[in-house]
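Contents: one structure, followed by commentary.
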Amino acid sequence: MFTLLRGLWKYFFRKDEYYVLILGLDNAGKTTFLEQTKSLFINNYDGMPLNKITSTVGLNVARIEQGSTRLIFWDLGGQEDLQSLWDKYYAECQGVIYVVDSSDPENLAMSSQTFRKVILHPDLEGAPLLILANKQDRQDALPLTEVESAFNTGVESIGDRDCKIQRVSALKGEGVTEGIEWLTQRVQQSRRAQMKSNSQ
Ligand code: G3D
């Protein structure tokens, strides 16, 4: 009887866990996005003021829950020397969020090249990709179409993966919920997540 009840308890309260990497050049707004996500998805979350966030040096980890799904985020530092560590996390993740600073046209090409390098890595095969054109609250932000065309140069590397580009302001929280909801749905449906659950 106890075993049956325990089984039922586990069945009803089980959470499917998905790991999501947050990548992008230094200063793109990765940590601000993660903090904003926590404040939007975690009840009574009492984090630090968003304008006090400093650049990620190591790794920030956070988890949010939506129904029976738990997303665990790894926000990795974007400085050049830290980028060499990114691929250590690829095999374990089920989705990627790539943050772009839309108000920094000088680094847009570099950001796009870095994204291309990321998605060409074999350990990320089949992982849904969410590109965030961030800082859209700024007057000098490039419109989504311009960010999109800079990222289109690597479009053939995306293959048959789900990929979406979304305009956001991590600071103001605009577009954040839409992005997270899209990614949640896609990681649940992705071939990669199914491979993971079959191997468990
Ligand atoms: P990182 O983790 O990618 O390195 P951060 O980036 O989250 O540390 O953000 C870098 C800077 O960009 C921070 O400003 C932060 O406030 C700002 N920023 C992040 N997202 C947005 C956004 O959506 N809009 C605007 N206007 N600014 C944003 P500082 O001044 O602390 O360097």
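All residue names refer to the structure tokens as shown: chains lettered A, B, ... in order, residues numbered from 1 in each chain, ligands numbered from 1 in order.
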
(message) 10 Å from ligand 1 is the threshold here; counting only C-alpha atoms and all ligand atoms, which polymer residues fall inside it? Answer as a PyMOL selection string.
(response) chain A and resi 22-36+49-57+59-60+75-79+98-103+132-141+167-176

(message) Would you pick out the contacts of Arg14 of chain A at 12 Å or less, using only C-alpha atoms, so that residues sharing its chain but fewer than 6 positions from it are not included, and give the list as a ChimeraX atom specification?
(response) /A:6-8,65,67-70

(request) Would you mind telling me which residue in A:Leu21, A:Gln188, A:Pro105, A:Leu142 lies nearest to Trp86 of chain A when using only C-alpha atoms? (result)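 With only C-alpha atoms as the atom set, the closest residue is A:Leu21.
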
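Taking segment 85-174 of chain A and asking which residues DSSP calls strand (DSSP E or B) on the backbone, you get A:Gly95, A:Val96, A:Ile97, A:Tyr98, A:Val99, A:Val100, A:Asp101, A:Leu129, A:Leu130, A:Ile131, A:Leu132, A:Ala133, A:Asn134, A:Cys163, A:Lys164, A:Ile165, A:Gln166, A:Arg167, A:Ser169, A:Glu174.
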
(message) Between atom CA of Pro128 of chain A and atom CA of Asp162 of chain A, what is the distance in Å, rounded to a tenth?
(response)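 Atom CA of Pro128 of chain A sits 4.8 Å away from atom CA of Asp162 of chain A.
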
(request) Would you return as a PyMOL selection string the members of segment 20-174 of chain A that DSSP assigns to alpha helix (DSSP H) on this structure's backbone? (result) chain A and resi 30-41+80-83+108-119+144-151

Using N, CA and C atoms, can you write the selected residues to a file as a short mmCIF file (atom, residue, chain, number, x, y, z; two decimals), in the first residue's frame?
data_model
loop_
_atom_site.label_atom_id
_atom_site.label_comp_id
_atom_site.auth_asym_id
_atom_site.auth_seq_id
_atom_site.Cartn_x
_atom_site.Cartn_y
_atom_site.Cartn_z
N LYS A 30 22.70 38.79 -20.17
CA LYS A 30 22.33 37.42 -19.77
C LYS A 30 21.85 37.35 -18.33
N THR A 31 22.62 37.96 -17.45
CA THR A 31 22.27 37.85 -16.02
C THR A 31 21.02 38.67 -15.71
N THR A 32 20.89 39.80 -16.38
CA THR A 32 19.68 40.61 -16.18
C THR A 32 18.47 39.81 -16.65
N PHE A 33 18.63 39.12 -17.78
CA PHE A 33 17.52 38.30 -18.29
C PHE A 33 17.17 37.20 -17.29
N LEU A 34 18.20 36.57 -16.72
CA LEU A 34 17.94 35.47 -15.77
C LEU A 34 17.24 36.01 -14.52
N GLU A 35 17.71 37.14 -14.03
CA GLU A 35 17.07 37.72 -12.83
C GLU A 35 15.62 38.11 -13.13
N GLN A 36 15.41 38.67 -14.31
CA GLN A 36 14.04 39.07 -14.68
C GLN A 36 13.15 37.82 -14.79
N THR A 37 13.70 36.76 -15.35
CA THR A 37 12.94 35.50 -15.48
C THR A 37 12.55 35.00 -14.09
N LYS A 38 13.50 35.05 -13.17
CA LYS A 38 13.18 34.58 -11.80
C LYS A 38 12.09 35.44 -11.19
N SER A 39 12.18 36.75 -11.39
CA SER A 39 11.17 37.60 -10.77
C SER A 39 9.79 37.42 -11.41
N LEU A 40 9.75 37.01 -12.69
CA LEU A 40 8.46 36.80 -13.34
C LEU A 40 7.87 35.41 -13.07
N PHE A 41 8.74 34.43 -12.83
CA PHE A 41 8.24 33.05 -12.73
C PHE A 41 8.31 32.46 -11.32
N GLU A 80 35.76 36.46 -23.48
CA GLU A 80 36.38 35.53 -24.43
C GLU A 80 37.03 34.32 -23.77
N ASP A 81 37.74 34.55 -22.66
CA ASP A 81 38.43 33.40 -22.04
C ASP A 81 37.42 32.42 -21.42
N LEU A 82 36.24 32.92 -21.05
CA LEU A 82 35.24 32.02 -20.46
C LEU A 82 34.45 31.26 -21.53
N GLN A 83 34.44 31.81 -22.77
CA GLN A 83 33.70 31.13 -23.84
C GLN A 83 34.23 29.72 -24.11
N LEU A 108 27.85 43.30 -33.26
CA LEU A 108 26.79 42.43 -33.76
C LEU A 108 27.35 41.27 -34.61
N ALA A 109 28.32 41.61 -35.49
CA ALA A 109 28.89 40.57 -36.35
C ALA A 109 29.62 39.54 -35.50
N MET A 110 30.31 40.02 -34.47
CA MET A 110 31.04 39.08 -33.61
C MET A 110 30.07 38.17 -32.85
N SER A 111 28.96 38.78 -32.41
CA SER A 111 27.96 38.00 -31.69
C SER A 111 27.38 36.91 -32.61
N SER A 112 27.11 37.30 -33.86
CA SER A 112 26.55 36.34 -34.81
C SER A 112 27.55 35.21 -35.11
N GLN A 113 28.82 35.57 -35.24
CA GLN A 113 29.85 34.54 -35.51
C GLN A 113 29.97 33.58 -34.31
N THR A 114 29.89 34.15 -33.12
CA THR A 114 30.00 33.31 -31.91
C THR A 114 28.80 32.36 -31.85
N PHE A 115 27.63 32.89 -32.19
CA PHE A 115 26.41 32.06 -32.20
C PHE A 115 26.58 30.89 -33.19
N ARG A 116 27.13 31.22 -34.35
CA ARG A 116 27.30 30.19 -35.39
C ARG A 116 28.24 29.09 -34.90
N LYS A 117 29.31 29.53 -34.23
CA LYS A 117 30.27 28.55 -33.69
C LYS A 117 29.58 27.64 -32.68
N VAL A 118 28.75 28.26 -31.84
CA VAL A 118 28.02 27.49 -30.81
C VAL A 118 27.16 26.42 -31.48
N ILE A 119 26.35 26.85 -32.44
CA ILE A 119 25.35 25.91 -32.97
C ILE A 119 25.95 24.84 -33.89
N LEU A 144 14.49 44.69 -34.71
CA LEU A 144 14.59 43.22 -34.77
C LEU A 144 15.06 42.74 -36.15
N THR A 145 14.54 43.39 -37.21
CA THR A 145 14.88 42.94 -38.57
C THR A 145 16.39 43.02 -38.82
N GLU A 146 17.04 44.05 -38.24
CA GLU A 146 18.49 44.19 -38.48
C GLU A 146 19.27 43.14 -37.72
N VAL A 147 18.83 42.86 -36.49
CA VAL A 147 19.51 41.82 -35.71
C VAL A 147 19.30 40.49 -36.44
N GLU A 148 18.08 40.30 -36.90
CA GLU A 148 17.73 39.05 -37.59
C GLU A 148 18.60 38.86 -38.83
N SER A 149 18.78 39.93 -39.61
CA SER A 149 19.57 39.72 -40.84
C SER A 149 21.04 39.47 -40.51
N ALA A 150 21.55 40.02 -39.41
CA ALA A 150 22.94 39.70 -39.02
C ALA A 150 23.05 38.23 -38.64
N PHE A 151 22.00 37.66 -38.07
CA PHE A 151 22.04 36.26 -37.65
C PHE A 151 21.65 35.31 -38.78
#

(request) Could you check how far atom CA of Gln66 of chain A sits from atom CA of Gln189 of chain A, in Å to one decimal? (result)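 Atom-to-atom, atom CA of Gln66 of chain A and atom CA of Gln189 of chain A are spaced 15.1 Å apart.
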
(message) Just to confirm, what's the straight-line distance from atom CA of Tyr19 of chain A to atom CA of Ile64 of chain A in Å (one decimal)?
(response) 10.8 Å
